>>> print(open('input_29.pdb').read())   # PDB, C-alpha atoms
ATOM      1  CA  MET A   1       4.542  30.973  34.117  1.00  0.00           C
ATOM      2  CA  ILE A   2       1.384  29.937  35.923  1.00  0.00           C
ATOM      3  CA  LEU A   3      -0.839  30.845  32.961  1.00  0.00           C
ATOM      4  CA  ASN A   4       1.050  28.388  30.752  1.00  0.00           C
ATOM      5  CA  GLN A   5      -0.294  25.570  32.903  1.00  0.00           C
ATOM      6  CA  PHE A   6      -3.774  26.327  31.598  1.00  0.00           C
ATOM      7  CA  SER A   7      -2.788  26.154  27.934  1.00  0.00           C
ATOM      8  CA  LEU A   8      -4.280  23.353  25.851  1.00  0.00           C
ATOM      9  CA  LYS A   9      -2.277  24.220  22.749  1.00  0.00           C
ATOM     10  CA  GLY A  10      -1.985  21.223  20.454  1.00  0.00           C
ATOM     11  CA  LYS A  11      -4.169  18.966  22.595  1.00  0.00           C
ATOM     12  CA  LYS A  12      -6.799  16.762  20.961  1.00  0.00           C
ATOM     13  CA  ALA A  13     -10.099  16.867  22.822  1.00  0.00           C
ATOM     14  CA  LEU A  14     -13.264  14.830  22.376  1.00  0.00           C
ATOM     15  CA  ILE A  15     -16.534  16.071  23.856  1.00  0.00           C
ATOM     16  CA  THR A  16     -19.881  14.330  23.693  1.00  0.00           C
ATOM     17  CA  GLY A  17     -23.139  16.234  23.487  1.00  0.00           C
ATOM     18  CA  GLY A  18     -21.395  19.402  22.385  1.00  0.00           C
ATOM     19  CA  SER A  19     -23.955  20.819  19.981  1.00  0.00           C
ATOM     20  CA  TYR A  20     -25.652  23.160  22.443  1.00  0.00           C
ATOM     21  CA  GLY A  21     -25.957  24.120  26.083  1.00  0.00           C
ATOM     22  CA  LEU A  22     -23.177  23.181  28.471  1.00  0.00           C
ATOM     23  CA  GLY A  23     -21.350  21.051  25.917  1.00  0.00           C
ATOM     24  CA  LYS A  24     -21.137  23.804  23.336  1.00  0.00           C
ATOM     25  CA  ALA A  25     -19.840  26.274  25.918  1.00  0.00           C
ATOM     26  CA  MET A  26     -17.207  23.787  27.064  1.00  0.00           C
ATOM     27  CA  ALA A  27     -16.137  23.128  23.471  1.00  0.00           C
ATOM     28  CA  LYS A  28     -15.658  26.869  22.953  1.00  0.00           C
ATOM     29  CA  ALA A  29     -13.577  27.107  26.125  1.00  0.00           C
ATOM     30  CA  LEU A  30     -11.316  24.257  24.998  1.00  0.00           C
ATOM     31  CA  LEU A  31     -10.802  25.908  21.624  1.00  0.00           C
ATOM     32  CA  GLU A  32      -9.983  29.255  23.202  1.00  0.00           C
ATOM     33  CA  ALA A  33      -7.378  27.495  25.338  1.00  0.00           C
ATOM     34  CA  GLY A  34      -5.746  26.078  22.206  1.00  0.00           C
ATOM     35  CA  ALA A  35      -7.163  22.569  21.769  1.00  0.00           C
ATOM     36  CA  ASP A  36      -8.464  20.941  18.609  1.00  0.00           C
ATOM     37  CA  VAL A  37     -11.927  19.539  19.217  1.00  0.00           C
ATOM     38  CA  GLY A  38     -14.108  16.696  18.039  1.00  0.00           C
ATOM     39  CA  VAL A  39     -17.797  16.848  18.917  1.00  0.00           C
ATOM     40  CA  ILE A  40     -19.969  13.736  19.009  1.00  0.00           C
ATOM     41  CA  ASP A  41     -23.694  14.397  19.026  1.00  0.00           C
ATOM     42  CA  ILE A  42     -26.950  13.194  17.521  1.00  0.00           C
ATOM     43  CA  SER A  43     -28.521  16.656  17.472  1.00  0.00           C
ATOM     44  CA  GLU A  44     -29.586  18.352  14.270  1.00  0.00           C
ATOM     45  CA  LYS A  45     -27.696  21.394  15.567  1.00  0.00           C
ATOM     46  CA  LEU A  46     -24.354  19.634  15.131  1.00  0.00           C
ATOM     47  CA  SER A  47     -23.501  21.011  11.685  1.00  0.00           C
ATOM     48  CA  ALA A  48     -24.357  24.596  12.610  1.00  0.00           C
ATOM     49  CA  THR A  49     -22.419  24.318  15.855  1.00  0.00           C
ATOM     50  CA  VAL A  50     -19.316  22.936  14.124  1.00  0.00           C
ATOM     51  CA  LYS A  51     -19.480  25.754  11.592  1.00  0.00           C
ATOM     52  CA  GLU A  52     -19.620  28.278  14.437  1.00  0.00           C
ATOM     53  CA  LEU A  53     -16.830  26.609  16.390  1.00  0.00           C
ATOM     54  CA  LYS A  54     -14.552  26.593  13.343  1.00  0.00           C
ATOM     55  CA  MET A  55     -14.509  30.377  13.502  1.00  0.00           C
ATOM     56  CA  SER A  56     -12.006  29.913  16.318  1.00  0.00           C
ATOM     57  CA  GLY A  57      -9.381  28.990  13.729  1.00  0.00           C
ATOM     58  CA  ARG A  58      -8.755  25.641  15.425  1.00  0.00           C
ATOM     59  CA  LYS A  59      -9.504  22.219  13.948  1.00  0.00           C
ATOM     60  CA  VAL A  60     -13.082  21.184  14.705  1.00  0.00           C
ATOM     61  CA  VAL A  61     -14.813  18.021  13.527  1.00  0.00           C
ATOM     62  CA  GLY A  62     -18.403  16.978  14.099  1.00  0.00           C
ATOM     63  CA  ILE A  63     -19.259  13.288  14.349  1.00  0.00           C
ATOM     64  CA  LYS A  64     -22.930  12.403  14.266  1.00  0.00           C
ATOM     65  CA  ALA A  65     -23.749   9.335  16.329  1.00  0.00           C
ATOM     66  CA  ASN A  66     -26.322   7.946  18.712  1.00  0.00           C
ATOM     67  CA  LEU A  67     -24.264   7.303  21.834  1.00  0.00           C
ATOM     68  CA  SER A  68     -27.027   5.123  23.250  1.00  0.00           C
ATOM     69  CA  LYS A  69     -25.975   2.461  20.749  1.00  0.00           C
ATOM     70  CA  ARG A  70     -22.736   0.665  21.505  1.00  0.00           C
ATOM     71  CA  ASP A  71     -21.745   0.078  17.885  1.00  0.00           C
ATOM     72  CA  GLU A  72     -22.212   3.778  17.109  1.00  0.00           C
ATOM     73  CA  ARG A  73     -20.115   4.764  20.134  1.00  0.00           C
ATOM     74  CA  LYS A  74     -17.266   2.619  18.875  1.00  0.00           C
ATOM     75  CA  ARG A  75     -17.589   3.917  15.328  1.00  0.00           C
ATOM     76  CA  ALA A  76     -17.657   7.549  16.457  1.00  0.00           C
ATOM     77  CA  PHE A  77     -14.635   7.104  18.721  1.00  0.00           C
ATOM     78  CA  GLN A  78     -12.645   5.367  16.003  1.00  0.00           C
ATOM     79  CA  LYS A  79     -13.502   8.180  13.589  1.00  0.00           C
ATOM     80  CA  PHE A  80     -12.190  10.713  16.099  1.00  0.00           C
ATOM     81  CA  ILE A  81      -8.912   8.812  16.470  1.00  0.00           C
ATOM     82  CA  LYS A  82      -8.551   8.427  12.719  1.00  0.00           C
ATOM     83  CA  THR A  83      -9.110  12.170  12.279  1.00  0.00           C
ATOM     84  CA  PHE A  84      -6.934  13.480  15.119  1.00  0.00           C
ATOM     85  CA  GLY A  85      -4.419  10.657  15.498  1.00  0.00           C
ATOM     86  CA  THR A  86      -4.762  10.419  19.270  1.00  0.00           C
ATOM     87  CA  ILE A  87      -6.779  11.673  22.234  1.00  0.00           C
ATOM     88  CA  ASP A  88      -5.526  13.847  25.088  1.00  0.00           C
ATOM     89  CA  ILE A  89      -8.810  14.980  26.633  1.00  0.00           C
ATOM     90  CA  LEU A  90     -12.162  13.214  26.925  1.00  0.00           C
ATOM     91  CA  ILE A  91     -15.233  15.032  28.201  1.00  0.00           C
ATOM     92  CA  ASN A  92     -18.286  12.845  28.756  1.00  0.00           C
ATOM     93  CA  ASN A  93     -21.004  15.477  28.665  1.00  0.00           C
ATOM     94  CA  ALA A  94     -23.900  13.858  26.754  1.00  0.00           C
ATOM     95  CA  GLY A  95     -26.878  12.972  28.898  1.00  0.00           C
ATOM     96  CA  ILE A  96     -30.649  12.806  29.096  1.00  0.00           C
ATOM     97  CA  THR A  97     -33.290  12.789  31.778  1.00  0.00           C
ATOM     98  CA  ARG A  98     -36.842  11.523  32.049  1.00  0.00           C
ATOM     99  CA  ARG A  99     -39.354  12.757  34.613  1.00  0.00           C
ATOM    100  CA  HIS A 100     -41.971  10.507  36.204  1.00  0.00           C
ATOM    101  CA  LYS A 101     -43.033   9.659  39.722  1.00  0.00           C
ATOM    102  CA  ALA A 102     -40.942   6.760  40.963  1.00  0.00           C
ATOM    103  CA  GLU A 103     -43.910   4.403  41.229  1.00  0.00           C
ATOM    104  CA  GLU A 104     -44.845   5.158  37.627  1.00  0.00           C
ATOM    105  CA  PHE A 105     -41.357   5.330  36.103  1.00  0.00           C
ATOM    106  CA  PRO A 106     -41.293   3.212  32.898  1.00  0.00           C
ATOM    107  CA  ILE A 107     -38.500   0.664  32.821  1.00  0.00           C
ATOM    108  CA  GLU A 108     -37.892   1.623  29.200  1.00  0.00           C
ATOM    109  CA  ASP A 109     -37.039   5.172  30.282  1.00  0.00           C
ATOM    110  CA  TRP A 110     -34.813   3.803  33.031  1.00  0.00           C
ATOM    111  CA  ASP A 111     -32.870   1.766  30.483  1.00  0.00           C
ATOM    112  CA  LYS A 112     -32.452   4.755  28.127  1.00  0.00           C
ATOM    113  CA  VAL A 113     -31.138   7.056  30.846  1.00  0.00           C
ATOM    114  CA  ILE A 114     -28.740   4.507  32.327  1.00  0.00           C
ATOM    115  CA  GLU A 115     -27.394   3.489  28.915  1.00  0.00           C
ATOM    116  CA  LEU A 116     -26.480   7.025  27.846  1.00  0.00           C
ATOM    117  CA  ASN A 117     -25.665   8.632  31.188  1.00  0.00           C
ATOM    118  CA  LEU A 118     -23.638   5.777  32.662  1.00  0.00           C
ATOM    119  CA  THR A 119     -22.841   2.856  30.357  1.00  0.00           C
ATOM    120  CA  ALA A 120     -21.772   5.108  27.481  1.00  0.00           C
ATOM    121  CA  VAL A 121     -19.579   7.078  29.880  1.00  0.00           C
ATOM    122  CA  PHE A 122     -17.769   3.932  31.019  1.00  0.00           C
ATOM    123  CA  ASP A 123     -17.472   2.670  27.441  1.00  0.00           C
ATOM    124  CA  LEU A 124     -15.844   5.880  26.224  1.00  0.00           C
ATOM    125  CA  CYS A 125     -13.622   6.101  29.300  1.00  0.00           C
ATOM    126  CA  GLN A 126     -12.419   2.589  28.566  1.00  0.00           C
ATOM    127  CA  MET A 127     -11.734   3.293  24.890  1.00  0.00           C
ATOM    128  CA  ALA A 128      -9.904   6.540  25.632  1.00  0.00           C
ATOM    129  CA  GLY A 129      -8.167   5.058  28.655  1.00  0.00           C
ATOM    130  CA  LYS A 130      -6.492   2.334  26.621  1.00  0.00           C
ATOM    131  CA  ILE A 131      -4.852   4.955  24.410  1.00  0.00           C
ATOM    132  CA  MET A 132      -3.969   7.290  27.274  1.00  0.00           C
ATOM    133  CA  LEU A 133      -2.415   4.457  29.277  1.00  0.00           C
ATOM    134  CA  LYS A 134      -0.065   3.661  26.415  1.00  0.00           C
ATOM    135  CA  LYS A 135       0.994   7.323  26.327  1.00  0.00           C
ATOM    136  CA  GLY A 136       1.164   7.581  30.105  1.00  0.00           C
ATOM    137  CA  LYS A 137      -0.875  10.765  30.047  1.00  0.00           C
ATOM    138  CA  GLY A 138      -4.436  12.000  29.583  1.00  0.00           C
ATOM    139  CA  LYS A 139      -7.382  13.890  31.019  1.00  0.00           C
ATOM    140  CA  ILE A 140     -10.842  12.412  31.456  1.00  0.00           C
ATOM    141  CA  ILE A 141     -13.644  14.637  32.691  1.00  0.00           C
ATOM    142  CA  ASN A 142     -17.059  13.156  33.370  1.00  0.00           C
ATOM    143  CA  VAL A 143     -19.999  15.499  33.768  1.00  0.00           C
ATOM    144  CA  ALA A 144     -21.744  14.642  37.017  1.00  0.00           C
ATOM    145  CA  SER A 145     -24.496  16.702  38.658  1.00  0.00           C
ATOM    146  CA  LEU A 146     -25.743  18.054  41.954  1.00  0.00           C
ATOM    147  CA  LEU A 147     -27.847  14.898  41.862  1.00  0.00           C
ATOM    148  CA  SER A 148     -24.617  12.985  42.350  1.00  0.00           C
ATOM    149  CA  PHE A 149     -25.033  14.181  45.961  1.00  0.00           C
ATOM    150  CA  PHE A 150     -28.798  14.051  46.538  1.00  0.00           C
ATOM    151  CA  GLY A 151     -31.807  12.343  45.048  1.00  0.00           C
ATOM    152  CA  GLY A 152     -33.929  15.039  43.453  1.00  0.00           C
ATOM    153  CA  LEU A 153     -37.616  14.627  42.640  1.00  0.00           C
ATOM    154  CA  ASN A 154     -39.221  12.543  39.900  1.00  0.00           C
ATOM    155  CA  VAL A 155     -35.856  11.687  38.289  1.00  0.00           C
ATOM    156  CA  PRO A 156     -34.778   8.372  39.871  1.00  0.00           C
ATOM    157  CA  ALA A 157     -32.898   7.151  36.798  1.00  0.00           C
ATOM    158  CA  TYR A 158     -31.047  10.427  36.313  1.00  0.00           C
ATOM    159  CA  SER A 159     -30.132  10.607  40.005  1.00  0.00           C
ATOM    160  CA  ALA A 160     -28.938   7.001  39.974  1.00  0.00           C
ATOM    161  CA  SER A 161     -26.872   7.555  36.845  1.00  0.00           C
ATOM    162  CA  LYS A 162     -25.204  10.714  38.099  1.00  0.00           C
ATOM    163  CA  GLY A 163     -24.465   9.213  41.490  1.00  0.00           C
ATOM    164  CA  ALA A 164     -22.845   6.336  39.632  1.00  0.00           C
ATOM    165  CA  VAL A 165     -20.841   8.707  37.423  1.00  0.00           C
ATOM    166  CA  ALA A 166     -19.269  10.227  40.526  1.00  0.00           C
ATOM    167  CA  GLN A 167     -18.351   6.776  41.862  1.00  0.00           C
ATOM    168  CA  LEU A 168     -17.111   5.589  38.457  1.00  0.00           C
ATOM    169  CA  THR A 169     -14.866   8.634  38.329  1.00  0.00           C
ATOM    170  CA  LYS A 170     -13.330   7.696  41.675  1.00  0.00           C
ATOM    171  CA  ALA A 171     -12.990   4.027  40.712  1.00  0.00           C
ATOM    172  CA  LEU A 172     -11.162   4.805  37.463  1.00  0.00           C
ATOM    173  CA  SER A 173      -8.977   7.325  39.251  1.00  0.00           C
ATOM    174  CA  ASN A 174      -7.941   4.697  41.775  1.00  0.00           C
ATOM    175  CA  GLU A 175      -6.630   2.528  38.956  1.00  0.00           C
ATOM    176  CA  TRP A 176      -5.252   5.119  36.560  1.00  0.00           C
ATOM    177  CA  ALA A 177      -3.946   8.034  38.657  1.00  0.00           C
ATOM    178  CA  GLY A 178      -0.573   6.357  39.126  1.00  0.00           C
ATOM    179  CA  ARG A 179      -0.356   5.680  35.417  1.00  0.00           C
ATOM    180  CA  GLY A 180      -0.613   9.273  34.243  1.00  0.00           C
ATOM    181  CA  ILE A 181      -4.338   9.743  33.706  1.00  0.00           C
ATOM    182  CA  ASN A 182      -6.377  12.323  35.597  1.00  0.00           C
ATOM    183  CA  VAL A 183      -9.981  11.201  35.951  1.00  0.00           C
ATOM    184  CA  ASN A 184     -12.208  13.850  37.513  1.00  0.00           C
ATOM    185  CA  ALA A 185     -15.810  14.976  37.304  1.00  0.00           C
ATOM    186  CA  LEU A 186     -17.485  18.343  36.925  1.00  0.00           C
ATOM    187  CA  ALA A 187     -20.801  18.802  38.732  1.00  0.00           C
ATOM    188  CA  PRO A 188     -22.761  21.763  37.369  1.00  0.00           C
ATOM    189  CA  GLY A 189     -25.413  23.326  39.534  1.00  0.00           C
ATOM    190  CA  TYR A 190     -28.873  24.243  38.310  1.00  0.00           C
ATOM    191  CA  MET A 191     -28.229  25.594  34.819  1.00  0.00           C
ATOM    192  CA  ALA A 192     -30.620  27.457  32.539  1.00  0.00           C
ATOM    193  CA  THR A 193     -30.335  24.940  29.693  1.00  0.00           C
ATOM    194  CA  PRO A 194     -32.818  22.853  27.650  1.00  0.00           C
ATOM    195  CA  LEU A 195     -32.282  19.873  29.992  1.00  0.00           C
ATOM    196  CA  ASN A 196     -33.891  21.900  32.794  1.00  0.00           C
ATOM    197  CA  THR A 197     -36.765  23.364  30.778  1.00  0.00           C
ATOM    198  CA  ALA A 198     -39.372  21.534  32.856  1.00  0.00           C
ATOM    199  CA  LEU A 199     -37.917  22.926  36.085  1.00  0.00           C
ATOM    200  CA  LEU A 200     -37.628  26.435  34.719  1.00  0.00           C
ATOM    201  CA  LYS A 201     -41.271  26.371  33.640  1.00  0.00           C
ATOM    202  CA  ASP A 202     -42.470  25.107  37.018  1.00  0.00           C
ATOM    203  CA  PRO A 203     -43.069  28.301  39.040  1.00  0.00           C
ATOM    204  CA  VAL A 204     -42.921  26.525  42.405  1.00  0.00           C
ATOM    205  CA  ARG A 205     -39.810  24.384  41.833  1.00  0.00           C
ATOM    206  CA  SER A 206     -38.021  27.164  39.967  1.00  0.00           C
ATOM    207  CA  ARG A 207     -38.605  29.553  42.866  1.00  0.00           C
ATOM    208  CA  GLN A 208     -37.569  26.956  45.458  1.00  0.00           C
ATOM    209  CA  ILE A 209     -34.321  26.263  43.615  1.00  0.00           C
ATOM    210  CA  LEU A 210     -33.498  29.922  43.122  1.00  0.00           C
ATOM    211  CA  GLU A 211     -34.113  30.675  46.807  1.00  0.00           C
ATOM    212  CA  ARG A 212     -31.435  28.139  47.732  1.00  0.00           C
ATOM    213  CA  ILE A 213     -28.745  29.516  45.412  1.00  0.00           C
ATOM    214  CA  PRO A 214     -26.620  32.069  47.348  1.00  0.00           C
ATOM    215  CA  ALA A 215     -25.391  33.573  44.070  1.00  0.00           C
ATOM    216  CA  GLY A 216     -28.996  34.619  43.417  1.00  0.00           C
ATOM    217  CA  ARG A 217     -29.357  33.226  39.909  1.00  0.00           C
ATOM    218  CA  TRP A 218     -29.444  30.042  37.879  1.00  0.00           C
ATOM    219  CA  GLY A 219     -26.167  29.164  36.217  1.00  0.00           C
ATOM    220  CA  LYS A 220     -25.387  29.702  32.556  1.00  0.00           C
ATOM    221  CA  PRO A 221     -23.158  27.569  30.312  1.00  0.00           C
ATOM    222  CA  ASP A 222     -20.238  30.011  30.339  1.00  0.00           C
ATOM    223  CA  ASP A 223     -19.992  29.649  34.122  1.00  0.00           C
ATOM    224  CA  LEU A 224     -18.218  26.325  33.520  1.00  0.00           C
ATOM    225  CA  ASN A 225     -15.471  27.670  31.243  1.00  0.00           C
ATOM    226  CA  GLY A 226     -12.798  28.127  33.872  1.00  0.00           C
ATOM    227  CA  ALA A 227     -13.480  24.809  35.560  1.00  0.00           C
ATOM    228  CA  ILE A 228     -13.384  22.770  32.359  1.00  0.00           C
ATOM    229  CA  VAL A 229     -10.114  24.323  31.174  1.00  0.00           C
ATOM    230  CA  PHE A 230      -8.606  23.765  34.626  1.00  0.00           C
ATOM    231  CA  LEU A 231      -9.559  20.079  34.661  1.00  0.00           C
ATOM    232  CA  ALA A 232      -8.359  19.581  31.084  1.00  0.00           C
ATOM    233  CA  SER A 233      -5.003  21.303  31.608  1.00  0.00           C
ATOM    234  CA  SER A 234      -1.771  20.553  33.434  1.00  0.00           C
ATOM    235  CA  ALA A 235      -2.911  22.952  36.175  1.00  0.00           C
ATOM    236  CA  SER A 236      -4.894  20.021  37.603  1.00  0.00           C
ATOM    237  CA  ASP A 237      -2.161  17.384  37.312  1.00  0.00           C
ATOM    238  CA  TYR A 238      -2.364  16.476  41.018  1.00  0.00           C
ATOM    239  CA  MET A 239      -6.155  16.359  41.052  1.00  0.00           C
ATOM    240  CA  HIS A 240      -7.565  12.847  40.896  1.00  0.00           C
ATOM    241  CA  GLY A 241     -11.009  11.408  41.561  1.00  0.00           C
ATOM    242  CA  ALA A 242     -12.510  14.775  42.453  1.00  0.00           C
ATOM    243  CA  VAL A 243     -16.036  15.984  41.768  1.00  0.00           C
ATOM    244  CA  LEU A 244     -15.667  19.709  41.192  1.00  0.00           C
ATOM    245  CA  VAL A 245     -18.909  21.531  41.961  1.00  0.00           C
ATOM    246  CA  VAL A 246     -19.856  24.753  40.164  1.00  0.00           C
ATOM    247  CA  ASP A 247     -23.277  25.576  41.581  1.00  0.00           C
ATOM    248  CA  GLY A 248     -23.488  29.167  42.791  1.00  0.00           C
ATOM    249  CA  GLY A 249     -23.205  27.900  46.351  1.00  0.00           C
ATOM    250  CA  PHE A 250     -26.245  25.614  46.289  1.00  0.00           C
ATOM    251  CA  LEU A 251     -24.656  22.700  48.152  1.00  0.00           C
ATOM    252  CA  GLY A 252     -23.372  24.940  50.893  1.00  0.00           C
ATOM    253  CA  ARG A 253     -26.801  26.290  51.745  1.00  0.00           C
TER     254      ARG A 253
END
>>> encode(input="input_29.pdb", output="C-alpha cells")
Amino acid sequence: MILNQFSLKGKKALITGGSYGLGKAMAKALLEAGADVGVIDISEKLSATVKELKMSGRKVVGIKANLSKRDERKRAFQKFIKTFGTIDILINNAGITRRHKAEEFPIEDWDKVIELNLTAVFDLCQMAGKIMLKKGKGKIINVASLLSFFGGLNVPAYSASKGAVAQLTKALSNEWAGRGINVNALAPGYMATPLNTALLKDPVRSRQILERIPAGRWGKPDDLNGAIVFLASSASDYMHGAVLVVDGGFLGR
C-alpha cells in the first residue's frame, strides 16, 4: 500500500538541533512515523525535550554536544552509533545566524556561522555516509533555507552557508545516489521560531515578509512534518539532490 512507503518503523534517525523549534517538530514527526531518534543539541532544553519525546513510546536518546567543535561532533556521532547500532536517517538541522551590516560583519561571527551551518553539516554527512555506503542504503536530509536561493539582508554568513548547503547536497547526491543514499535538502520558508525573533519583532520587515507569502501567514514548525517524513521514507527513493521548499508560496510570488 502507498501509505506503507511513508513508514519509518524500525529506522534509526539522528537529528541535530532537535531541542526546540523546527528540529523538535521534525523529531516528533519521525517518531510518529515509527523511527527511533537520537537528538544532538547543546541547548539546556535537551533533557526536557527528550523526556517529552519519550512519551511517544519509541526509543529516544539525547546527546549533549557543541557541534561547532569537531571533536564533540565526532564524539556525539559515535555515541549515537554505539547506542543505536547503525544510522538510517541523518537530519542536519542545527544552525545559527548573526545579523550585522555586511561592512561591519565581524569575522569571528562569520567563522561561527560557517563552522556550524556548513562545515558541521559536511562532517556529519561524511561520518553517516561511510556507514550508509557500506549498507547500500540511507537518507540524508540537510536543512537549507529560502536564503539558499537569495541573499537576504544583514545575514551574509547565513546566506552563504545556506547557499552552500544546497550545493553540498547536490554534490553528495552526485556521488552517492547510485550507491543507495538519498541526499536531499529541506528549505523552510519564514518560520515563527526563535531563529527569526529579530525579524518577527521588526514591524517593517515582518510586514514586508508577510505581504509576500500567498498563504497569508508565517510558517510554524508542524508545517514541515509531511515533508520531513517523505524525505526520510522510501516514498522519496527516486528523489536525489533536490531542495524541497515549504514556504507558503513565498518563492513563487
>>> atom_distance(input="input_29.pdb", atom1="atom CA of Ala166 of chain A", atom2="atom CA of Val246 of chain A")
14.5 Å
>>> closest_residue(input="input_29.pdb", among="A:Gly226, A:Gly17, A:Pro194, A:Gly252", to="Leu46 of chain A", atoms="all atoms listed in the file")
A:Gly17
>>> closest_residue(input="input_29.pdb", among="A:Asp109, A:Glu103, A:Asp247, A:Asp88", to="Asn182 of chain A", atoms="all atoms listed in the file")
A:Asp88
>>> axis_aligned_box(input="input_29.pdb", around="segment 26-44 of chain A", padding_each_side="4 Å", output="JSON")
{"center_x": -17.7, "center_y": 21.2, "center_z": 20.7, "size_x": 31.8, "size_y": 24.1, "size_z": 20.8}
>>> resolve_selection(input="input_29.pdb", expression="the PyMOL selection byres ((chain A and resi 70-86) around 10)", output="mmCIF file with C-alpha atoms, keeping the file's coordinate frame")
data_model
loop_
_atom_site.group_PDB
_atom_site.id
_atom_site.type_symbol
_atom_site.label_atom_id
_atom_site.label_comp_id
_atom_site.auth_asym_id
_atom_site.auth_seq_id
_atom_site.Cartn_x
_atom_site.Cartn_y
_atom_site.Cartn_z
ATOM 1 C CA LYS A 11 -4.169 18.966 22.595
ATOM 2 C CA LYS A 12 -6.799 16.762 20.961
ATOM 3 C CA ALA A 13 -10.099 16.867 22.822
ATOM 4 C CA LEU A 14 -13.264 14.830 22.376
ATOM 5 C CA ASP A 36 -8.464 20.941 18.609
ATOM 6 C CA VAL A 37 -11.927 19.539 19.217
ATOM 7 C CA GLY A 38 -14.108 16.696 18.039
ATOM 8 C CA VAL A 39 -17.797 16.848 18.917
ATOM 9 C CA ILE A 40 -19.969 13.736 19.009
ATOM 10 C CA ASP A 41 -23.694 14.397 19.026
ATOM 11 C CA LYS A 59 -9.504 22.219 13.948
ATOM 12 C CA VAL A 60 -13.082 21.184 14.705
ATOM 13 C CA VAL A 61 -14.813 18.021 13.527
ATOM 14 C CA GLY A 62 -18.403 16.978 14.099
ATOM 15 C CA ILE A 63 -19.259 13.288 14.349
ATOM 16 C CA LYS A 64 -22.930 12.403 14.266
ATOM 17 C CA ALA A 65 -23.749 9.335 16.329
ATOM 18 C CA ASN A 66 -26.322 7.946 18.712
ATOM 19 C CA LEU A 67 -24.264 7.303 21.834
ATOM 20 C CA SER A 68 -27.027 5.123 23.250
ATOM 21 C CA LYS A 69 -25.975 2.461 20.749
ATOM 22 C CA ILE A 87 -6.779 11.673 22.234
ATOM 23 C CA ASP A 88 -5.526 13.847 25.088
ATOM 24 C CA ILE A 89 -8.810 14.980 26.633
ATOM 25 C CA GLU A 115 -27.394 3.489 28.915
ATOM 26 C CA LEU A 116 -26.480 7.025 27.846
ATOM 27 C CA THR A 119 -22.841 2.856 30.357
ATOM 28 C CA ALA A 120 -21.772 5.108 27.481
ATOM 29 C CA ASP A 123 -17.472 2.670 27.441
ATOM 30 C CA LEU A 124 -15.844 5.880 26.224
ATOM 31 C CA MET A 127 -11.734 3.293 24.890
ATOM 32 C CA ALA A 128 -9.904 6.540 25.632
ATOM 33 C CA ILE A 131 -4.852 4.955 24.410
ATOM 34 C CA MET A 132 -3.969 7.290 27.274
ATOM 35 C CA LYS A 135 0.994 7.323 26.327
#
>>> residues_around(input="input_29.pdb", residues="Gly163 of chain A", least_positions_apart="6", cutoff="10 Å", atoms="only C-alpha atoms", output="PyMOL selection string")
chain A and resi 118+144-151+157
>>> write_last_selection(input="input_29.pdb", atoms="C-alpha atoms", output="tab-separated table (two decimals), in the coordinates of the input")
chain	number	residue	atom	x	y	z
A	118	LEU	CA	-23.64	5.78	32.66
A	144	ALA	CA	-21.74	14.64	37.02
A	145	SER	CA	-24.50	16.70	38.66
A	146	LEU	CA	-25.74	18.05	41.95
A	147	LEU	CA	-27.85	14.90	41.86
A	148	SER	CA	-24.62	12.98	42.35
A	149	PHE	CA	-25.03	14.18	45.96
A	150	PHE	CA	-28.80	14.05	46.54
A	151	GLY	CA	-31.81	12.34	45.05
A	157	ALA	CA	-32.90	7.15	36.80
>>> closest_residue(input="input_29.pdb", among="A:Leu210, A:Val204, A:Ala27, A:Leu8", to="Asn225 of chain A", atoms="only C-alpha atoms")
A:Ala27
>>> resolve_selection(input="input_29.pdb", expression="the PyMOL selection byres ((chain A and resi 248) around 9)", output="MDAnalysis selection string")
chainID A and resid 189:190 213:219 245:247 249:251
>>> closest_residue(input="input_29.pdb", among="A:Thr193, A:Ser206, A:Asn154, A:Asn174", to="Gly241 of chain A", atoms="all atoms listed in the file")
A:Asn174
>>> closest_residue(input="input_29.pdb", among="A:Leu224, A:Leu3, A:Val121, A:Leu153", to="Ala33 of chain A", atoms="all atoms listed in the file")
A:Leu3
>>> closest_residue(input="input_29.pdb", among="A:Ser234, A:Gln126, A:Thr97, A:Ser43", to="Ser161 of chain A", atoms="all atoms listed in the file")
A:Thr97
>>> atom_distance(input="input_29.pdb", atom1="atom CA of Ala187 of chain A", atom2="atom CA of Asn92 of chain A")
11.9 Å
>>> resolve_selection(input="input_29.pdb", expression="the PyMOL selection byres ((chain A and resi 48) around 12)", output="PDB file with C-alpha atoms, keeping the file's coordinate frame")
ATOM      1  CA  GLY A  18     -21.395  19.402  22.385  1.00  0.00           C
ATOM      2  CA  SER A  19     -23.955  20.819  19.981  1.00  0.00           C
ATOM      3  CA  TYR A  20     -25.652  23.160  22.443  1.00  0.00           C
ATOM      4  CA  LYS A  24     -21.137  23.804  23.336  1.00  0.00           C
ATOM      5  CA  VAL A  39     -17.797  16.848  18.917  1.00  0.00           C
ATOM      6  CA  SER A  43     -28.521  16.656  17.472  1.00  0.00           C
ATOM      7  CA  GLU A  44     -29.586  18.352  14.270  1.00  0.00           C
ATOM      8  CA  LYS A  45     -27.696  21.394  15.567  1.00  0.00           C
ATOM      9  CA  LEU A  46     -24.354  19.634  15.131  1.00  0.00           C
ATOM     10  CA  SER A  47     -23.501  21.011  11.685  1.00  0.00           C
ATOM     11  CA  THR A  49     -22.419  24.318  15.855  1.00  0.00           C
ATOM     12  CA  VAL A  50     -19.316  22.936  14.124  1.00  0.00           C
ATOM     13  CA  LYS A  51     -19.480  25.754  11.592  1.00  0.00           C
ATOM     14  CA  GLU A  52     -19.620  28.278  14.437  1.00  0.00           C
ATOM     15  CA  LEU A  53     -16.830  26.609  16.390  1.00  0.00           C
ATOM     16  CA  LYS A  54     -14.552  26.593  13.343  1.00  0.00           C
ATOM     17  CA  MET A  55     -14.509  30.377  13.502  1.00  0.00           C
ATOM     18  CA  VAL A  60     -13.082  21.184  14.705  1.00  0.00           C
ATOM     19  CA  VAL A  61     -14.813  18.021  13.527  1.00  0.00           C
ATOM     20  CA  GLY A  62     -18.403  16.978  14.099  1.00  0.00           C
TER      21      GLY A  62
END
>>> atom_distance(input="input_29.pdb", atom1="atom CA of Ile107 of chain A", atom2="atom CA of Ala171 of chain A")
26.9 Å
>>> residues_around(input="input_29.pdb", residues="Thr197 of chain A", least_positions_apart="5", cutoff="12 Å", atoms="all atoms listed in the file", output="list in words")
Gly21, Thr97, Arg98, Arg99, Tyr190, Met191, Ala192, Asp202, Pro203, Arg205 and Ser206 of chain A
